[in-house]
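Shown next: upload-v6.pdb, containing PDB, C-alpha atoms.
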ATOM      1  CA  MET A 170       0.000   0.000   0.000
ATOM      2  CA  LYS A 171       1.224   3.490  -0.899
ATOM      3  CA  LEU A 172       0.194   5.909   1.848
ATOM      4  CA  GLY A 173       0.558   9.684   1.523
ATOM      5  CA  ILE A 174       0.981  11.850   4.623
ATOM      6  CA  PHE A 175       0.433  15.597   4.710
ATOM      7  CA  GLY A 176       0.573  17.419   8.024
ATOM      8  CA  GLY A 177      -0.040  21.031   8.911
ATOM      9  CA  THR A 178      -1.932  23.356  11.194
ATOM     10  CA  PHE A 179      -4.658  23.758   8.522
ATOM     11  CA  ASN A 180      -5.794  26.976  10.195
ATOM     12  CA  PRO A 181      -7.787  26.938   7.949
ATOM     13  CA  VAL A 182      -7.280  24.228   5.339
ATOM     14  CA  HIS A 183      -7.303  25.780   1.847
ATOM     15  CA  ASN A 184      -7.435  24.767  -1.817
ATOM     16  CA  GLY A 185      -3.626  24.876  -2.131
ATOM     17  CA  HIS A 186      -3.357  22.146   0.522
ATOM     18  CA  ILE A 187      -5.920  19.951  -1.220
ATOM     19  CA  GLU A 188      -4.381  20.517  -4.675
ATOM     20  CA  LEU A 189      -0.953  19.503  -3.356
ATOM     21  CA  VAL A 190      -2.228  16.221  -1.877
ATOM     22  CA  ARG A 191      -4.254  15.347  -4.984
ATOM     23  CA  HIS A 192      -1.293  16.138  -7.220
ATOM     24  CA  PHE A 193       1.038  13.733  -5.403
ATOM     25  CA  ALA A 194      -1.720  11.138  -5.068
ATOM     26  CA  ASP A 195      -1.884  11.125  -8.885
ATOM     27  CA  LEU A 196       1.857  11.474  -9.494
ATOM     28  CA  ALA A 197       2.955   8.728  -7.089
ATOM     29  CA  GLY A 198      -0.119   6.515  -7.538
ATOM     30  CA  LEU A 199      -1.054   6.674  -3.871
ATOM     31  CA  ASP A 200      -3.736   4.303  -2.597
ATOM     32  CA  LYS A 201      -4.642   6.675   0.202
ATOM     33  CA  ALA A 202      -3.492  10.005   1.636
ATOM     34  CA  LEU A 203      -3.868  11.235   5.201
ATOM     35  CA  LEU A 204      -4.417  14.874   6.080
ATOM     36  CA  ILE A 205      -3.014  15.247   9.609
ATOM     37  CA  PRO A 206      -3.794  18.417  11.596
ATOM     38  CA  THR A 207      -0.992  19.127  14.065
ATOM     39  CA  LYS A 208      -1.732  19.645  17.738
ATOM     40  CA  ILE A 209       1.247  21.852  18.630
ATOM     41  CA  PRO A 210       3.475  22.728  15.657
ATOM     42  CA  PRO A 211       7.146  22.731  16.742
ATOM     43  CA  HIS A 212       8.259  24.923  13.816
ATOM     44  CA  LYS A 213       5.996  27.930  14.116
ATOM     45  CA  ALA A 214       4.210  29.970  16.753
ATOM     46  CA  SER A 215       0.642  28.803  17.189
ATOM     47  CA  LYS A 216      -0.874  32.275  17.537
ATOM     48  CA  ASN A 217      -4.613  32.357  16.709
ATOM     49  CA  LEU A 218      -4.632  28.564  16.361
ATOM     50  CA  LEU A 219      -8.161  27.192  16.543
ATOM     51  CA  SER A 220      -8.860  24.019  18.513
ATOM     52  CA  GLY A 221      -7.814  20.703  17.033
ATOM     53  CA  GLN A 222     -11.442  19.599  16.860
ATOM     54  CA  ILE A 223     -12.473  22.592  14.741
ATOM     55  CA  ARG A 224      -9.487  22.199  12.391
ATOM     56  CA  PHE A 225     -10.201  18.463  12.118
ATOM     57  CA  GLU A 226     -13.822  19.203  11.161
ATOM     58  CA  MET A 227     -12.748  21.742   8.521
ATOM     59  CA  CYS A 228     -10.308  19.221   7.017
ATOM     60  CA  SER A 229     -13.046  16.568   6.950
ATOM     61  CA  LEU A 230     -15.360  18.938   5.075
ATOM     62  CA  ALA A 231     -12.560  19.817   2.643
ATOM     63  CA  VAL A 232     -11.963  16.221   1.539
ATOM     64  CA  GLU A 233     -15.426  14.662   1.874
ATOM     65  CA  SER A 234     -15.772  14.391  -1.926
ATOM     66  CA  ASP A 235     -12.405  12.615  -2.431
ATOM     67  CA  GLU A 236     -12.409   8.997  -1.273
ATOM     68  CA  ARG A 237      -8.599   8.785  -1.536
ATOM     69  CA  ILE A 238      -8.051  11.365   1.217
ATOM     70  CA  GLU A 239      -8.846  10.818   4.898
ATOM     71  CA  VAL A 240      -8.299  13.050   7.916
ATOM     72  CA  SER A 241      -6.316  11.518  10.784
ATOM     73  CA  ASP A 242      -6.370  12.662  14.410
ATOM     74  CA  VAL A 243      -3.136  10.777  15.191
ATOM     75  CA  GLU A 244      -1.329  13.991  16.240
ATOM     76  CA  LEU A 245      -4.311  15.595  17.968
ATOM     77  CA  ARG A 246      -4.559  12.578  20.296
ATOM     78  CA  ARG A 247      -0.876  12.694  21.226
ATOM     79  CA  GLU A 248       0.474  14.862  24.047
ATOM     80  CA  GLY A 249       3.120  17.517  23.464
ATOM     81  CA  ASP A 250       4.627  18.892  20.257
ATOM     82  CA  SER A 251       3.713  17.247  16.957
ATOM     83  CA  TYR A 252       6.973  15.809  15.662
ATOM     84  CA  THR A 253       6.852  14.124  12.249
ATOM     85  CA  ILE A 254       9.190  11.310  13.296
ATOM     86  CA  ASP A 255       6.751  10.276  16.076
ATOM     87  CA  THR A 256       3.836  10.387  13.647
ATOM     88  CA  LEU A 257       5.679   8.171  11.147
ATOM     89  CA  LYS A 258       6.468   5.604  13.858
ATOM     90  CA  THR A 259       2.785   5.529  14.858
ATOM     91  CA  LEU A 260       1.626   5.169  11.246
ATOM     92  CA  GLU A 261       4.069   2.285  10.672
ATOM     93  CA  LYS A 262       2.220   0.397  13.403
ATOM     94  CA  LEU A 263      -1.232   1.348  12.093
ATOM     95  CA  TYR A 264      -0.450   0.585   8.430
ATOM     96  CA  VAL A 265       1.985  -2.338   8.654
ATOM     97  CA  GLY A 266       3.998  -2.789   5.473
ATOM     98  CA  ALA A 267       2.787   0.433   3.825
ATOM     99  CA  GLN A 268       5.232   2.583   1.848
ATOM    100  CA  LEU A 269       4.941   6.068   3.339
ATOM    101  CA  TYR A 270       5.080   9.199   1.175
ATOM    102  CA  LEU A 271       5.642  12.436   3.091
ATOM    103  CA  ILE A 272       4.148  15.377   1.192
ATOM    104  CA  MET A 273       5.482  18.889   1.804
ATOM    105  CA  GLY A 274       5.985  22.299   0.270
ATOM    106  CA  ALA A 275       9.353  23.576  -0.948
ATOM    107  CA  ASP A 276      10.001  25.566   2.227
ATOM    108  CA  MET A 277       9.659  22.447   4.381
ATOM    109  CA  LEU A 278      12.186  20.451   2.346
ATOM    110  CA  MET A 279      14.638  23.350   2.541
ATOM    111  CA  CYS A 280      14.613  23.167   6.342
ATOM    112  CA  LEU A 281      14.168  19.390   6.721
ATOM    113  CA  ASP A 282      17.591  19.013   8.356
ATOM    114  CA  SER A 283      16.343  21.142  11.274
ATOM    115  CA  TRP A 284      13.561  18.652  12.051
ATOM    116  CA  ARG A 285      13.859  16.179  14.907
ATOM    117  CA  ASP A 286      15.594  12.975  13.717
ATOM    118  CA  TYR A 287      15.394  14.012  10.055
ATOM    119  CA  ARG A 288      17.542  11.009   9.093
ATOM    120  CA  GLY A 289      14.914   8.742  10.619
ATOM    121  CA  ILE A 290      12.265  10.552   8.561
ATOM    122  CA  ILE A 291      14.239  10.056   5.334
ATOM    123  CA  ASP A 292      14.762   6.366   6.161
ATOM    124  CA  ARG A 293      11.049   5.810   6.688
ATOM    125  CA  CYS A 294       9.446   7.488   3.687
ATOM    126  CA  VAL A 295       9.614   8.893   0.182
ATOM    127  CA  ILE A 296       9.866  12.691   0.357
ATOM    128  CA  CYS A 297       7.423  14.456  -2.004
ATOM    129  CA  ALA A 298       8.020  18.179  -2.433
ATOM    130  CA  ALA A 299       6.481  20.736  -4.754
ATOM    131  CA  ALA A 300       8.623  23.548  -6.107
ATOM    132  CA  ARG A 301       7.155  27.054  -6.128
ATOM    133  CA  ASN A 302       8.623  27.867  -9.549
ATOM    134  CA  ASP A 303      11.004  26.417 -12.147
ATOM    135  CA  ASP A 304      14.031  27.930 -10.422
ATOM    136  CA  SER A 305      13.413  26.101  -7.167
ATOM    137  CA  VAL A 306      13.285  22.620  -8.768
ATOM    138  CA  GLU A 307      17.078  22.645  -9.107
ATOM    139  CA  GLU A 308      17.373  24.128  -5.621
ATOM    140  CA  LEU A 309      15.219  21.340  -4.162
ATOM    141  CA  LEU A 310      17.106  18.618  -6.028
ATOM    142  CA  LEU A 311      20.377  20.083  -4.719
ATOM    143  CA  LYS A 312      18.975  20.159  -1.174
ATOM    144  CA  ALA A 313      17.878  16.506  -1.502
ATOM    145  CA  LYS A 314      21.444  15.595  -2.566
ATOM    146  CA  THR A 315      22.908  17.606   0.327
ATOM    147  CA  LEU A 316      20.629  15.682   2.709
ATOM    148  CA  ASP A 317      21.826  12.449   1.078
ATOM    149  CA  ILE A 318      18.295  11.375   0.146
ATOM    150  CA  PRO A 319      18.502   8.454  -2.323
ATOM    151  CA  ASP A 320      17.088   9.250  -5.790
ATOM    152  CA  ASP A 321      14.352   6.636  -5.394
ATOM    153  CA  LYS A 322      13.210   8.237  -2.125
ATOM    154  CA  VAL A 323      12.492  11.742  -3.370
ATOM    155  CA  ILE A 324       9.915  13.128  -5.806
ATOM    156  CA  ILE A 325      10.276  16.787  -6.770
ATOM    157  CA  SER A 326       7.442  18.251  -8.804
ATOM    158  CA  ASN A 327       7.213  21.609 -10.550
ATOM    159  CA  GLU A 328       3.455  21.363 -11.028
ATOM    160  CA  GLU A 329       1.908  24.771 -10.456
ATOM    161  CA  ILE A 330       0.000  24.511  -7.187
ATOM    162  CA  MET A 331      -2.209  27.347  -5.997
ATOM    163  CA  THR A 332      -0.115  29.647  -3.809
ATOM    164  CA  VAL A 333      -2.198  30.917  -0.948
ATOM    165  CA  SER A 334      -1.512  30.960   2.781
ATOM    166  CA  SER A 335      -3.760  30.318   5.752
ATOM    167  CA  THR A 336      -2.522  33.618   7.245
ATOM    168  CA  GLU A 337      -3.702  35.481   4.150
ATOM    169  CA  ILE A 338      -7.102  33.771   4.345
ATOM    170  CA  ARG A 339      -7.520  34.611   8.051
ATOM    171  CA  GLU A 340      -6.694  38.261   7.298
ATOM    172  CA  LYS A 341      -9.233  38.403   4.455
ATOM    173  CA  ILE A 342     -11.980  36.903   6.655
ATOM    174  CA  LYS A 343     -11.150  39.281   9.507
ATOM    175  CA  ASN A 344     -11.391  42.247   7.098
ATOM    176  CA  GLY A 345     -14.597  41.062   5.446
ATOM    177  CA  ILE A 346     -12.926  40.232   2.106
ATOM    178  CA  SER A 347     -14.278  37.282   0.114
ATOM    179  CA  VAL A 348     -12.263  34.038   0.187
ATOM    180  CA  ARG A 349     -14.362  32.387  -2.522
ATOM    181  CA  GLY A 350     -12.217  30.026  -4.570
ATOM    182  CA  LEU A 351      -9.392  30.001  -2.011
ATOM    183  CA  ILE A 352     -10.925  27.468   0.357
ATOM    184  CA  PRO A 353     -13.374  24.604  -0.253
ATOM    185  CA  ARG A 354     -16.975  25.851  -0.319
ATOM    186  CA  ALA A 355     -18.027  23.615   2.605
ATOM    187  CA  VAL A 356     -15.164  25.033   4.713
ATOM    188  CA  GLU A 357     -16.123  28.587   3.765
ATOM    189  CA  GLU A 358     -19.698  27.933   4.929
ATOM    190  CA  TYR A 359     -18.487  26.296   8.173
ATOM    191  CA  ILE A 360     -16.269  29.295   8.969
ATOM    192  CA  ALA A 361     -19.086  31.754   8.251
ATOM    193  CA  SER A 362     -21.730  29.866  10.242
ATOM    194  CA  ASN A 363     -19.407  29.550  13.260
ATOM    195  CA  GLY A 364     -18.070  33.108  13.094
ATOM    196  CA  LEU A 365     -14.448  31.952  12.925
ATOM    197  CA  TYR A 366     -11.403  34.224  12.400
ATOM    198  CA  LEU A 367     -13.367  37.438  12.954
TER     199      LEU A 367
END
Can you turn what I pasted into structure tokens?
Amino acid sequence: MKLGIFGGTFNPVHNGHIELVRHFADLAGLDKALLIPTKIPPHKASKNLLSGQIRFEMCSLAVESDERIEVSDVELRREGDSYTIDTLKTLEKLYVGAQLYLIMGADMLMCLDSWRDYRGIIDRCVICAAARNDDSVEELLLKAKTLDIPDDKVIISNEEIMTVSSTEIREKIKNGISVRGLIPRAVEEYIASNGLYL
């Protein structure tokens, strides 16, 4: 089984996130992909972070029409910071024998060597990273070589993925600016009906 893994705060989940997962699901022929909301992100300040339950519900709404993608609460149930290496070890027990594919944006690959036990991460999965533009494909390939990631354990794609940030979306909502087309319609309705990010 080929299992994709994509973690993040998803505060809120947006169309760029979903596009990225679907792209690698197609490119790598994944059987299933997990969207994993983090409980406490170790890499960035969790200012204005909504509860795990709310972010989990938004992710569920975002992927309800795609049977390949599921939302996992594996990190929300765990105490302390959400470290990827711990998540991978848990998923190895839950999906015995699965080949894990860790999906990330270009910025995450560029700082992968600052992650806890990054060598253990590389050993456990295929790294899937999307470049932001043509220039960064070479940069990402060079970074993969620097990290000594074997060629068969890295997939770099230059597919144009929607560039939008959750911060930008929160700002738009706060200022009463439409986010139509930036986030899944069901998520947009959930945010509006619950008065989130105002």
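Going from CA of Gly177 (chain A) to CA of Ile205 (chain A) covers 6.5 Å.
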Would you compute the distance between CA of Val240 (chain A) and CA of Thr336 (chain A)? Give it in Å to one decimal.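 Going from CA of Val240 (chain A) over to CA of Thr336 (chain A), I get 21.4 Å.
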In terms of the shortest atom-to-atom distance over only C-alpha atoms, which of A:Asn217, A:Leu260, A:Ile272, A:Leu351 is closest to Leu367 (chain A)? A:Asn217
Quick one: residues within 8 Å of region 317-333 of chain A, all atoms listed in the file, excluding same-chain residues fewer than 3 positions away - as number ranges by chain? A: 183-185, 188-189, 291, 294-303, 306, 309-310, 313-314, 337-338, 351
With distances taken over only C-alpha atoms, which residue among A:Val348, A:Gly289, A:Gly266, A:Glu233 lies nearest Ser335 (chain A)?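 Result for the nearest residue to Ser335 (chain A): A:Val348.
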Test item: the PyMOL selection byres ((chain A and resi 170) around 7) resolved as a PDB file with C-alpha atoms, in the coordinates of the input:
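Result saved to expr-v5.pdb:
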ATOM      1  CA  LYS A 171       1.224   3.490  -0.899  1.00  0.00           C
ATOM      2  CA  LEU A 172       0.194   5.909   1.848  1.00  0.00           C
ATOM      3  CA  ASP A 200      -3.736   4.303  -2.597  1.00  0.00           C
ATOM      4  CA  ALA A 267       2.787   0.433   3.825  1.00  0.00           C
ATOM      5  CA  GLN A 268       5.232   2.583   1.848  1.00  0.00           C
TER       6      GLN A 268
END
One decimal, Å: what's the distance from CA of Leu316 (chain A) over to CA of Asp195 (chain A), could you say?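 We find that CA of Leu316 (chain A) and CA of Asp195 (chain A) lie 25.7 Å from each other.
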List the neighbours of Val182 (chain A) out to 12 Å using all atoms listed in the file; skip same-chain residues closer than 5 positions along the sequence, and give me the result as JSON, numbers by chain. {"A": [175, 176, 177, 187, 188, 189, 190, 204, 205, 206, 207, 219, 223, 224, 225, 226, 227, 228, 229, 230, 231, 232, 240, 333, 334, 335, 336, 337, 338, 339, 351, 352, 353, 354, 355, 356, 357, 359, 360]}
Edge lengths and centre in Å, axis-aligned, region 306-315 of chain A plus 5 Å each side, as AutoDock Vina command-line options:
--center_x 18.1 --center_y 19.9 --center_z -4.4 --size_x 19.6 --size_y 18.5 --size_z 19.4
Neighbours of Arg246 (chain A) within 10 Å (only C-alpha atoms; same-chain residues fewer than 5 positions away dropped), as a PyMOL selection string? chain A and resi 207-208+221+241
For the residues selected in the previous step, produce a file with C-alpha atoms as a PDB file, keeping the file's coordinate frame.
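Output saved as part_1.pdb:
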ATOM      1  CA  THR A 207      -0.992  19.127  14.065  1.00  0.00           C
ATOM      2  CA  LYS A 208      -1.732  19.645  17.738  1.00  0.00           C
ATOM      3  CA  GLY A 221      -7.814  20.703  17.033  1.00  0.00           C
ATOM      4  CA  SER A 241      -6.316  11.518  10.784  1.00  0.00           C
TER       5      SER A 241
END
